[in-house]
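Asks: Shown below is the structure under consideration.
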Amino acid sequence: MKLWGTFASLLFASVSLAQPLDLAGNPRNPFANAARVRILLFVRADCPITNRYAPELQRLAEKFTEPGVEFWLVYPDRTATPAAIKDHVAQYRFPGEPLRDPRHELVKRAHATITPEAAVFDASGRLVYHGRIDDRWVEIGKARAEARTHDLEDSIAAVLAGKPVARAETRAVGCTLADLE
C-alpha cells in the first residue's frame with residue numbers, strides 16, 4: 001500500500017512538472033476554465049519583434065473584453081525567470097496572464113515555432129488558428145508601415161461569432177523557438 005502511495009505521488013509530480021507554470025511556480029492549465037475563446041501569445045523577452053507588438057496586443061485585449069475571452073502570455077524559454085517575466089510584462093504592458101512553458105507543452109499543442117506567434121482555441125479546446133498577429137512584418141528587418149490583414153483579430157472575431165476561421169494558419173515572422181531547449 002505504501003508503495004502505491006509513493007508511485008501515485010511520483011506520477012502526480014511528473015504530470016504537474018509537464019504543465020505550464022504560473023510565476024509562483026504552480027502548475028497552471030489555461031484550458032481548465034470554461035472560455036469561448038483562448039488566445040495563447042508566445043513571446044520572448046529578448047525578441048524585438050515581440051516587443052514591438054505590445055501596443056497591438058494591448059489594443060486587441062481592450063477590444064475583446066467580454067466574458068469568456070482569455071489572453072495568455074506563454075514564455076517558452078526555460079531560462080526566463082519569474083522576475084524577468086514580471087519585468088518584461090510590466091515594461092511593455094503585455095495583456096494576459098503570463099505562463100512559463102519550460103517543457104513546451106503549450107508550444108506543441110499550438111504548433112508554435114516563432115515569437116511572437118498567436119494560437120486561438122475555441123470553447124472545446126480545438127486549435128482553430130495559429131500564426132502571425134498580422135502581416136505588418138514581411139520578414140526579419142522588413143516591416144510595413146501598417147498591417148493590411150489582421151489575422152489574430154479576425155480569428156478571435158470569427159470564433160466569437162460562431163463562424164469558421166478564414167485562414168487556420170499563417171507564417172509568423174520573429175524569433176525562432178528552435179534555439180530554446
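In the C-alpha cells, each chain is lettered A, B, ... as it comes, each chain's residues begin at 1, and ligands are numbered from 1 in order of appearance.
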Which residues are close to stretch 172-177 of chain A, i.e. within 6 Å by only C-alpha atoms, leaving aside same-chain residues fewer than 2 positions away? Reply as an NGL selection string.
Replies: :A and (47 or 49 or 113-115 or 117 or 131-132 or 139 or 179-180)
Asks: For those residues, write N, CA, C and O atoms to a file as a CSV table (one decimal), in the first residue's frame.
Replies:
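Wrote it out as out07.csv, contents follow:
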```csv
chain,number,residue,atom,x,y,z
A,47,CYS,N,13.2,39.2,-27.8
A,47,CYS,CA,12.8,39.3,-29.2
A,47,CYS,C,12.2,40.7,-29.5
A,47,CYS,O,11.1,41.0,-29.0
A,49,ILE,N,10.8,41.9,-32.1
A,49,ILE,CA,9.6,41.9,-32.8
A,49,ILE,C,8.4,41.7,-31.8
A,49,ILE,O,7.4,42.3,-31.9
A,113,THR,N,6.3,28.0,-33.4
A,113,THR,CA,7.7,27.9,-33.8
A,113,THR,C,8.4,29.2,-33.7
A,113,THR,O,9.7,29.2,-33.8
A,114,ILE,N,7.7,30.3,-33.6
A,114,ILE,CA,8.3,31.6,-33.6
A,114,ILE,C,7.7,32.5,-32.5
A,114,ILE,O,6.6,32.2,-32.0
A,115,THR,N,8.4,33.5,-32.1
A,115,THR,CA,7.8,34.5,-31.2
A,115,THR,C,7.9,35.9,-31.9
A,115,THR,O,9.0,36.1,-32.5
A,117,GLU,N,4.0,34.7,-31.8
A,117,GLU,CA,3.1,33.8,-32.6
A,117,GLU,C,1.9,33.7,-31.7
A,117,GLU,O,1.9,33.6,-30.5
A,131,GLY,N,-0.4,31.3,-35.9
A,131,GLY,CA,0.5,32.1,-36.8
A,131,GLY,C,0.7,33.5,-36.4
A,131,GLY,O,0.7,33.8,-35.2
A,132,ARG,N,0.8,34.4,-37.4
A,132,ARG,CA,1.2,35.8,-37.1
A,132,ARG,C,0.0,36.5,-36.4
A,132,ARG,O,-1.1,36.1,-36.5
A,139,GLU,N,9.3,40.1,-43.2
A,139,GLU,CA,10.5,39.3,-42.9
A,139,GLU,C,11.3,40.0,-41.8
A,139,GLU,O,11.0,41.2,-41.5
A,179,ASP,N,16.0,27.5,-31.0
A,179,ASP,CA,17.2,27.6,-30.2
A,179,ASP,C,17.0,27.5,-28.7
A,179,ASP,O,17.9,27.5,-28.0
A,180,LEU,N,15.7,27.3,-28.3
A,180,LEU,CA,15.4,27.1,-26.9
A,180,LEU,C,15.4,25.6,-26.7
A,180,LEU,O,14.8,24.8,-27.5
```
Asks: Which parts of stretch 42-175 of chain A does DSSP call strand (DSSP E) when run on the backbone here, written out as a ChimeraX atom specification?
Replies: /A:42,69-75,97-100,114-115,117-122,127-131,137-139,142-143,175
Asks: List every residue of stretch 12-68 of chain A that has an atom at most 9 Å from any atom of stretch 153-160 of chain A, giving for each one its closest atom pair and the distance in Å to one decimal, counting only C-alpha atoms, sorted by chain and then by ascending residue number, as a Markdown table.
Replies:
```
| residue | atom | partner | partner_atom | distance |
| --- | --- | --- | --- | --- |
| A:Arg36 | CA | A:Leu160 | CA | 6.9 |
| A:Val37 | CA | A:Val159 | CA | 6.8 |
| A:Arg38 | CA | A:Ile156 | CA | 8.6 |
| A:Ile39 | CA | A:Ile156 | CA | 8.0 |
| A:Leu60 | CA | A:Glu153 | CA | 6.8 |
| A:Phe64 | CA | A:Ile156 | CA | 8.2 |
```
Asks: Create the file for the chosen residues now, containing all heavy atoms and written as a PDB file, in the first residue's frame.
Replies:
```pdb
ATOM      1  N   ARG A  36     -14.980  30.894 -24.142  1.00  0.00           N
ATOM      2  CA  ARG A  36     -15.448  30.826 -25.527  1.00  0.00           C
ATOM      3  C   ARG A  36     -14.268  30.804 -26.489  1.00  0.00           C
ATOM      4  O   ARG A  36     -14.321  30.168 -27.532  1.00  0.00           O
ATOM      5  CB  ARG A  36     -16.351  32.020 -25.833  1.00  0.00           C
ATOM      6  CG  ARG A  36     -17.669  31.938 -25.083  1.00  0.00           C
ATOM      7  CD  ARG A  36     -18.545  33.144 -25.298  1.00  0.00           C
ATOM      8  NE  ARG A  36     -18.845  33.341 -26.713  1.00  0.00           N
ATOM      9  CZ  ARG A  36     -19.200  34.511 -27.222  1.00  0.00           C
ATOM     10  NH1 ARG A  36     -19.306  35.572 -26.457  1.00  0.00           N
ATOM     11  NH2 ARG A  36     -19.468  34.621 -28.503  1.00  0.00           N
ATOM     12  N   VAL A  37     -13.232  31.527 -26.108  1.00  0.00           N
ATOM     13  CA  VAL A  37     -12.029  31.578 -26.950  1.00  0.00           C
ATOM     14  C   VAL A  37     -10.821  31.816 -26.059  1.00  0.00           C
ATOM     15  O   VAL A  37     -10.872  32.601 -25.116  1.00  0.00           O
ATOM     16  CB  VAL A  37     -12.146  32.667 -28.054  1.00  0.00           C
ATOM     17  CG1 VAL A  37     -12.296  34.053 -27.469  1.00  0.00           C
ATOM     18  CG2 VAL A  37     -10.964  32.628 -29.004  1.00  0.00           C
ATOM     19  N   ARG A  38      -9.744  31.077 -26.342  1.00  0.00           N
ATOM     20  CA  ARG A  38      -8.471  31.235 -25.627  1.00  0.00           C
ATOM     21  C   ARG A  38      -7.426  31.663 -26.634  1.00  0.00           C
ATOM     22  O   ARG A  38      -7.289  31.036 -27.688  1.00  0.00           O
ATOM     23  CB  ARG A  38      -8.026  29.916 -25.007  1.00  0.00           C
ATOM     24  CG  ARG A  38      -8.777  29.508 -23.807  1.00  0.00           C
ATOM     25  CD  ARG A  38      -8.349  28.109 -23.357  1.00  0.00           C
ATOM     26  NE  ARG A  38      -9.236  27.645 -22.327  1.00  0.00           N
ATOM     27  CZ  ARG A  38     -10.421  27.106 -22.544  1.00  0.00           C
ATOM     28  NH1 ARG A  38     -10.857  26.933 -23.751  1.00  0.00           N
ATOM     29  NH2 ARG A  38     -11.166  26.717 -21.539  1.00  0.00           N
ATOM     30  N   ILE A  39      -6.665  32.678 -26.261  1.00  0.00           N
ATOM     31  CA  ILE A  39      -5.599  33.164 -27.120  1.00  0.00           C
ATOM     32  C   ILE A  39      -4.286  32.957 -26.382  1.00  0.00           C
ATOM     33  O   ILE A  39      -4.080  33.503 -25.293  1.00  0.00           O
ATOM     34  CB  ILE A  39      -5.771  34.657 -27.463  1.00  0.00           C
ATOM     35  CG1 ILE A  39      -7.121  34.887 -28.156  1.00  0.00           C
ATOM     36  CG2 ILE A  39      -4.629  35.137 -28.350  1.00  0.00           C
ATOM     37  CD1 ILE A  39      -8.201  35.351 -27.243  1.00  0.00           C
ATOM     38  N   LEU A  60      -5.913  44.696 -28.924  1.00  0.00           N
ATOM     39  CA  LEU A  60      -6.775  43.520 -29.069  1.00  0.00           C
ATOM     40  C   LEU A  60      -7.394  43.114 -27.730  1.00  0.00           C
ATOM     41  O   LEU A  60      -8.583  42.767 -27.673  1.00  0.00           O
ATOM     42  CB  LEU A  60      -5.990  42.359 -29.666  1.00  0.00           C
ATOM     43  CG  LEU A  60      -5.580  42.532 -31.131  1.00  0.00           C
ATOM     44  CD1 LEU A  60      -4.693  41.385 -31.576  1.00  0.00           C
ATOM     45  CD2 LEU A  60      -6.800  42.658 -32.025  1.00  0.00           C
ATOM     46  N   PHE A  64     -11.463  42.946 -27.119  1.00  0.00           N
ATOM     47  CA  PHE A  64     -12.145  41.700 -26.783  1.00  0.00           C
ATOM     48  C   PHE A  64     -12.173  41.502 -25.269  1.00  0.00           C
ATOM     49  O   PHE A  64     -11.486  40.650 -24.725  1.00  0.00           O
ATOM     50  CB  PHE A  64     -11.453  40.520 -27.471  1.00  0.00           C
ATOM     51  CG  PHE A  64     -11.519  40.581 -28.968  1.00  0.00           C
ATOM     52  CD1 PHE A  64     -10.396  40.897 -29.711  1.00  0.00           C
ATOM     53  CD2 PHE A  64     -12.712  40.330 -29.637  1.00  0.00           C
ATOM     54  CE1 PHE A  64     -10.449  40.954 -31.102  1.00  0.00           C
ATOM     55  CE2 PHE A  64     -12.777  40.382 -31.020  1.00  0.00           C
ATOM     56  CZ  PHE A  64     -11.649  40.703 -31.756  1.00  0.00           C
TER      57      PHE A  64
END
```
Asks: Residues at most 9 Å from A:Arg167, counting only C-alpha atoms, excluding those fewer than 4 positions away in the same chain, as a list in words?
Replies: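 Here the qualifying residues turn out to be Val128, Tyr129, Asp151 and Ser155 of chain A.
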Asks: Go through A:Arg109, A:Pro48, A:Phe31, A:Ala83 and flag the residue nearest A:Phe71, using only C-alpha atoms for the distances.
Replies: A:Phe31
Asks: Find the spatial neighbours of A:Ala32, counting only C-alpha atoms, within a cut-off of 12 Å - ignore same-chain residues fewer than 5 positions away - and output them as a compact mmCIF listing (two decimals) with all heavy atoms, in the first residue's frame.
Replies:
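New file around.txt:
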```txt
# COMPACT_ATOMS: atom_id res chain seq x y z
N GLN A 19 3.16 20.42 -16.93
CA GLN A 19 2.21 21.51 -17.16
C GLN A 19 2.93 22.85 -17.17
O GLN A 19 3.96 23.02 -16.53
CB GLN A 19 1.15 21.52 -16.07
CG GLN A 19 0.15 20.42 -16.17
CD GLN A 19 -0.95 20.59 -15.13
OE1 GLN A 19 -1.10 21.62 -14.50
NE2 GLN A 19 -1.73 19.54 -14.96
N PRO A 20 2.33 23.81 -17.85
CA PRO A 20 2.85 25.18 -17.74
C PRO A 20 2.76 25.65 -16.29
O PRO A 20 1.95 25.12 -15.51
CB PRO A 20 1.90 25.98 -18.63
CG PRO A 20 1.24 24.98 -19.50
CD PRO A 20 1.19 23.71 -18.74
N PRO A 27 1.62 24.69 -11.10
CA PRO A 27 1.07 24.22 -12.38
C PRO A 27 -0.20 25.00 -12.71
O PRO A 27 -1.02 25.26 -11.84
CB PRO A 27 0.76 22.75 -12.13
CG PRO A 27 1.59 22.37 -10.96
CD PRO A 27 1.74 23.61 -10.13
N ARG A 38 -9.74 31.08 -26.34
CA ARG A 38 -8.47 31.24 -25.63
C ARG A 38 -7.43 31.66 -26.63
O ARG A 38 -7.29 31.04 -27.69
CB ARG A 38 -8.03 29.92 -25.01
CG ARG A 38 -8.78 29.51 -23.81
CD ARG A 38 -8.35 28.11 -23.36
NE ARG A 38 -9.24 27.65 -22.33
CZ ARG A 38 -10.42 27.11 -22.54
NH1 ARG A 38 -10.86 26.93 -23.75
NH2 ARG A 38 -11.17 26.72 -21.54
N GLU A 70 -10.05 34.74 -23.08
CA GLU A 70 -8.87 34.67 -22.22
C GLU A 70 -7.60 34.86 -23.05
O GLU A 70 -7.39 34.16 -24.04
CB GLU A 70 -8.81 33.32 -21.51
CG GLU A 70 -9.92 33.08 -20.54
CD GLU A 70 -9.80 31.75 -19.81
OE1 GLU A 70 -8.90 30.95 -20.14
OE2 GLU A 70 -10.61 31.52 -18.91
N ALA A 123 -14.01 27.01 -27.78
CA ALA A 123 -14.52 26.59 -26.47
C ALA A 123 -14.23 25.13 -26.17
O ALA A 123 -14.08 24.76 -25.00
CB ALA A 123 -16.02 26.86 -26.39
N SER A 124 -14.11 24.30 -27.19
CA SER A 124 -13.83 22.87 -26.97
C SER A 124 -12.33 22.60 -26.83
O SER A 124 -11.94 21.45 -26.62
CB SER A 124 -14.41 22.03 -28.11
OG SER A 124 -13.71 22.28 -29.31
N GLY A 125 -11.51 23.64 -26.94
CA GLY A 125 -10.06 23.46 -26.84
C GLY A 125 -9.40 23.09 -28.15
O GLY A 125 -8.24 22.72 -28.19
```
